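For reference, the structure is listed below as structure tokens.
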Amino acid sequence: IAGITQAPTSQILAAGRRMTLRCTQDMRHNAMYWYRQDLGLGLRLIHYSNTAGTTGKGEVPDGYSVSRANTDDFPLTLASAVPSQTSVYFCASSVIPNTGELFFGEGSRLTVL
Amino acid sequence: DAKTTQPTSMDCAEGRAANLPCNHSTISGNEYVYWYRQIHSQGPQYIIHGLKNNETNEMASLIITEDRKSSTLILPHATLRDTAVYYCIVSDYSGGYQKVTFGTGTKLQVIP
């Protein structure tokens with residue numbers, strides 16, 4: 001596998017349930033990101049990680065948490081899903097934090113009912 | 001705050017050059033201009049970036065005005081597979097992370 005792998009591809013979830021979206025990269029990139037994409041709003045940054053062991057909040061972090069235990073993995077967790085979190089989620093990575101050249105996964109479509 | 005402004009949509013005839021404009025009037029001296037595209041529901045794909053000089057690669061050319069307040073992405077010979085949403089972004093590293101903010105982009109339709 002080369003690049004970024006996201007799982008699941010799609011998921012329907014009941015409100016109030018916990019959900020973790022997985023993201024794995026094999027490019028040894030230092031920085032990783034989670035975005036959500038909603039119609040008419042473009043891509044919005046949820047959380048980021050500049051290097052393993054560190055994370056930070058983006059534009060829309062509320063209701064989400066992340067961890068970065070190692071270089072390759074950057075899971076996104078919804079502790080108690082709500083319908084407004086219905087979206088397409090994209091994981092991305094970059095070689096170093098201060099570059100805009102991002103590599104994206106294929107996305108995870110999440111529907112919260 | 002939107003850092004870039006792009007037309008919502010554009011059409012281009014197949015085989016012709018597609019010129020996609022972007023305004024970034026508040027760009028600061030250390031910010032780069034990046035272009036990505038998103039085909040249907042796939043993940044965004046990097047195209048090209050630049051600081052102040054024009055750039056060209058196998059996919060496209062990027063023309064940045066001298067004052068850096070606007071730029072144009074040029075696809076020299078558009079094909080049907082170039083139909084996508086094109087995002088122009090400015091990239092700033094501040095507050096401890098890469099602020100890469102995507103707007104709503106330009107939907108380019110290549111017409112046979």
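As shown in the structure tokens, the chain order sets the letters A, B, ...; within each chain, residues go from 1, and ligands are also counted from 1 in the order they appear.
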Please report, as JSON lines, each residue of chain A lying at most 9 Å from chain B, together with the nearest pair of atoms and the separation in Å rounded to one decimal; use only C-alpha atoms, and order rows by chain and ascending residue number.
```
{"residue": "A:Leu39", "atom": "CA", "partner": "B:Thr104", "partner_atom": "CA", "distance": 8.5}
{"residue": "A:Gly40", "atom": "CA", "partner": "B:Thr104", "partner_atom": "CA", "distance": 6.2}
{"residue": "A:Leu41", "atom": "CA", "partner": "B:Thr104", "partner_atom": "CA", "distance": 6.0}
{"residue": "A:Gly42", "atom": "CA", "partner": "B:Thr104", "partner_atom": "CA", "distance": 4.4}
{"residue": "A:Leu43", "atom": "CA", "partner": "B:Phe102", "partner_atom": "CA", "distance": 5.2}
{"residue": "A:Arg44", "atom": "CA", "partner": "B:Thr101", "partner_atom": "CA", "distance": 6.7}
{"residue": "A:Leu45", "atom": "CA", "partner": "B:Thr101", "partner_atom": "CA", "distance": 7.3}
{"residue": "A:Tyr48", "atom": "CA", "partner": "B:Tyr97", "partner_atom": "CA", "distance": 7.5}
{"residue": "A:Ser49", "atom": "CA", "partner": "B:Tyr97", "partner_atom": "CA", "distance": 8.0}
{"residue": "A:Asn50", "atom": "CA", "partner": "B:Tyr97", "partner_atom": "CA", "distance": 6.8}
{"residue": "A:Gly56", "atom": "CA", "partner": "B:Tyr97", "partner_atom": "CA", "distance": 7.8}
{"residue": "A:Gly58", "atom": "CA", "partner": "B:Lys99", "partner_atom": "CA", "distance": 8.3}
{"residue": "A:Phe90", "atom": "CA", "partner": "B:Gly43", "partner_atom": "CA", "distance": 6.9}
{"residue": "A:Cys91", "atom": "CA", "partner": "B:Gly43", "partner_atom": "CA", "distance": 8.8}
{"residue": "A:Ala92", "atom": "CA", "partner": "B:Gly43", "partner_atom": "CA", "distance": 8.9}
{"residue": "A:Pro97", "atom": "CA", "partner": "B:Gln98", "partner_atom": "CA", "distance": 5.8}
{"residue": "A:Asn98", "atom": "CA", "partner": "B:Gln98", "partner_atom": "CA", "distance": 5.4}
{"residue": "A:Thr99", "atom": "CA", "partner": "B:Gln98", "partner_atom": "CA", "distance": 6.8}
{"residue": "A:Gly100", "atom": "CA", "partner": "B:Ser91", "partner_atom": "CA", "distance": 5.6}
{"residue": "A:Glu101", "atom": "CA", "partner": "B:Tyr46", "partner_atom": "CA", "distance": 6.5}
{"residue": "A:Leu102", "atom": "CA", "partner": "B:Tyr46", "partner_atom": "CA", "distance": 6.7}
{"residue": "A:Phe103", "atom": "CA", "partner": "B:Gln45", "partner_atom": "CA", "distance": 7.0}
{"residue": "A:Phe104", "atom": "CA", "partner": "B:Gly43", "partner_atom": "CA", "distance": 5.4}
{"residue": "A:Gly105", "atom": "CA", "partner": "B:Gly43", "partner_atom": "CA", "distance": 5.6}
{"residue": "A:Glu106", "atom": "CA", "partner": "B:Gly43", "partner_atom": "CA", "distance": 4.6}
{"residue": "A:Gly107", "atom": "CA", "partner": "B:Gly43", "partner_atom": "CA", "distance": 6.2}
```
What's the 6 Å shell around Leu62 of chain B, counting only C-alpha atoms, without same-chain residues fewer than 3 positions away, as a list in words?
-> Asn54, Glu55, Thr72 and Leu73 of chain B
If you run DSSP on this backbone, which residues of chain B come out as strand (DSSP E or B), and could you give them as a ChimeraX atom specification?
-> /B:5,9-13,18-23,32-38,45-50,55-56,61-64,70-75,84-94,97-100,106-111
Could you save those same residues with C-alpha atoms as a PDB file, in the first residue's frame?
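Output file out-v3.pdb follows:
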```pdb
ATOM      1  CA  THR B   5     -11.893  33.998  -3.974  1.00  0.00           C
ATOM      2  CA  SER B   9     -18.018  27.385 -11.913  1.00  0.00           C
ATOM      3  CA  MET B  10     -16.484  27.485 -15.381  1.00  0.00           C
ATOM      4  CA  ASP B  11     -16.834  25.626 -18.650  1.00  0.00           C
ATOM      5  CA  CYS B  12     -14.056  24.798 -21.072  1.00  0.00           C
ATOM      6  CA  ALA B  13     -14.080  23.084 -24.453  1.00  0.00           C
ATOM      7  CA  ALA B  18      -8.589  26.151 -19.161  1.00  0.00           C
ATOM      8  CA  ASN B  19      -7.681  29.294 -17.234  1.00  0.00           C
ATOM      9  CA  LEU B  20      -8.861  29.267 -13.643  1.00  0.00           C
ATOM     10  CA  PRO B  21      -8.499  32.560 -11.760  1.00  0.00           C
ATOM     11  CA  CYS B  22      -8.018  33.085  -8.047  1.00  0.00           C
ATOM     12  CA  ASN B  23      -7.900  36.248  -5.987  1.00  0.00           C
ATOM     13  CA  TYR B  32       2.526  30.207  -0.925  1.00  0.00           C
ATOM     14  CA  VAL B  33      -0.279  29.723  -3.406  1.00  0.00           C
ATOM     15  CA  TYR B  34      -1.326  26.090  -3.859  1.00  0.00           C
ATOM     16  CA  TRP B  35      -3.740  24.496  -6.255  1.00  0.00           C
ATOM     17  CA  TYR B  36      -5.559  21.212  -5.728  1.00  0.00           C
ATOM     18  CA  ARG B  37      -8.336  19.500  -7.553  1.00  0.00           C
ATOM     19  CA  GLN B  38     -10.991  17.056  -6.478  1.00  0.00           C
ATOM     20  CA  GLN B  45      -5.051  15.959  -5.442  1.00  0.00           C
ATOM     21  CA  TYR B  46      -2.129  18.371  -5.367  1.00  0.00           C
ATOM     22  CA  ILE B  47      -1.453  20.135  -8.678  1.00  0.00           C
ATOM     23  CA  ILE B  48       1.112  22.879  -8.264  1.00  0.00           C
ATOM     24  CA  HIS B  49       2.275  25.668  -5.995  1.00  0.00           C
ATOM     25  CA  GLY B  50       4.317  28.846  -6.120  1.00  0.00           C
ATOM     26  CA  GLU B  55       5.650  27.625 -12.207  1.00  0.00           C
ATOM     27  CA  THR B  56       5.055  24.771 -14.613  1.00  0.00           C
ATOM     28  CA  SER B  61       1.105  26.119 -15.171  1.00  0.00           C
ATOM     29  CA  LEU B  62       0.696  28.661 -12.423  1.00  0.00           C
ATOM     30  CA  ILE B  63       0.855  32.358 -13.177  1.00  0.00           C
ATOM     31  CA  ILE B  64       1.133  34.668 -10.164  1.00  0.00           C
ATOM     32  CA  SER B  70      -4.059  36.966  -7.790  1.00  0.00           C
ATOM     33  CA  SER B  71      -3.059  33.911  -9.744  1.00  0.00           C
ATOM     34  CA  THR B  72      -4.228  31.767 -12.635  1.00  0.00           C
ATOM     35  CA  LEU B  73      -4.012  28.037 -13.020  1.00  0.00           C
ATOM     36  CA  ILE B  74      -3.667  26.989 -16.631  1.00  0.00           C
ATOM     37  CA  LEU B  75      -4.487  23.528 -17.924  1.00  0.00           C
ATOM     38  CA  ALA B  84     -13.286  18.543 -11.266  1.00  0.00           C
ATOM     39  CA  VAL B  85     -13.480  21.116  -8.512  1.00  0.00           C
ATOM     40  CA  TYR B  86     -10.292  23.182  -8.376  1.00  0.00           C
ATOM     41  CA  TYR B  87      -9.181  24.722  -5.109  1.00  0.00           C
ATOM     42  CA  CYS B  88      -6.839  27.651  -4.779  1.00  0.00           C
ATOM     43  CA  ILE B  89      -5.412  28.024  -1.299  1.00  0.00           C
ATOM     44  CA  VAL B  90      -2.794  30.089   0.432  1.00  0.00           C
ATOM     45  CA  SER B  91      -0.652  28.329   2.925  1.00  0.00           C
ATOM     46  CA  ASP B  92       0.485  29.871   6.152  1.00  0.00           C
ATOM     47  CA  TYR B  93       2.430  28.264   8.965  1.00  0.00           C
ATOM     48  CA  SER B  94       1.451  29.975  12.166  1.00  0.00           C
ATOM     49  CA  TYR B  97       0.400  24.280  12.509  1.00  0.00           C
ATOM     50  CA  GLN B  98      -0.019  24.511   8.813  1.00  0.00           C
ATOM     51  CA  LYS B  99      -3.113  26.571   8.142  1.00  0.00           C
ATOM     52  CA  VAL B 100      -4.290  25.138   4.912  1.00  0.00           C
ATOM     53  CA  THR B 106     -14.253  26.344  -8.910  1.00  0.00           C
ATOM     54  CA  LYS B 107     -16.192  23.580 -10.547  1.00  0.00           C
ATOM     55  CA  LEU B 108     -14.644  23.126 -13.992  1.00  0.00           C
ATOM     56  CA  GLN B 109     -16.731  21.343 -16.582  1.00  0.00           C
ATOM     57  CA  VAL B 110     -14.851  20.244 -19.685  1.00  0.00           C
ATOM     58  CA  ILE B 111     -17.253  19.991 -22.576  1.00  0.00           C
TER      59      ILE B 111
END
```
Judged by only C-alpha atoms, the minimum distance to Ser67 of chain A among A:Gln85, A:Arg28, A:Asp38, A:Leu21 is found for A:Leu21
Fewer than 6 positions away in the same chain doesn't count, so skip those; otherwise give me all residues within 6 Å of segment 70-75 of chain A, counting only C-alpha atoms, as a count of residues only.
-> 6
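Minimum distance to Asn30 of chain B across B:Lys52, B:Thr65, B:Arg81, B:Lys3 (counting only C-alpha atoms) occurs at B:Lys52.
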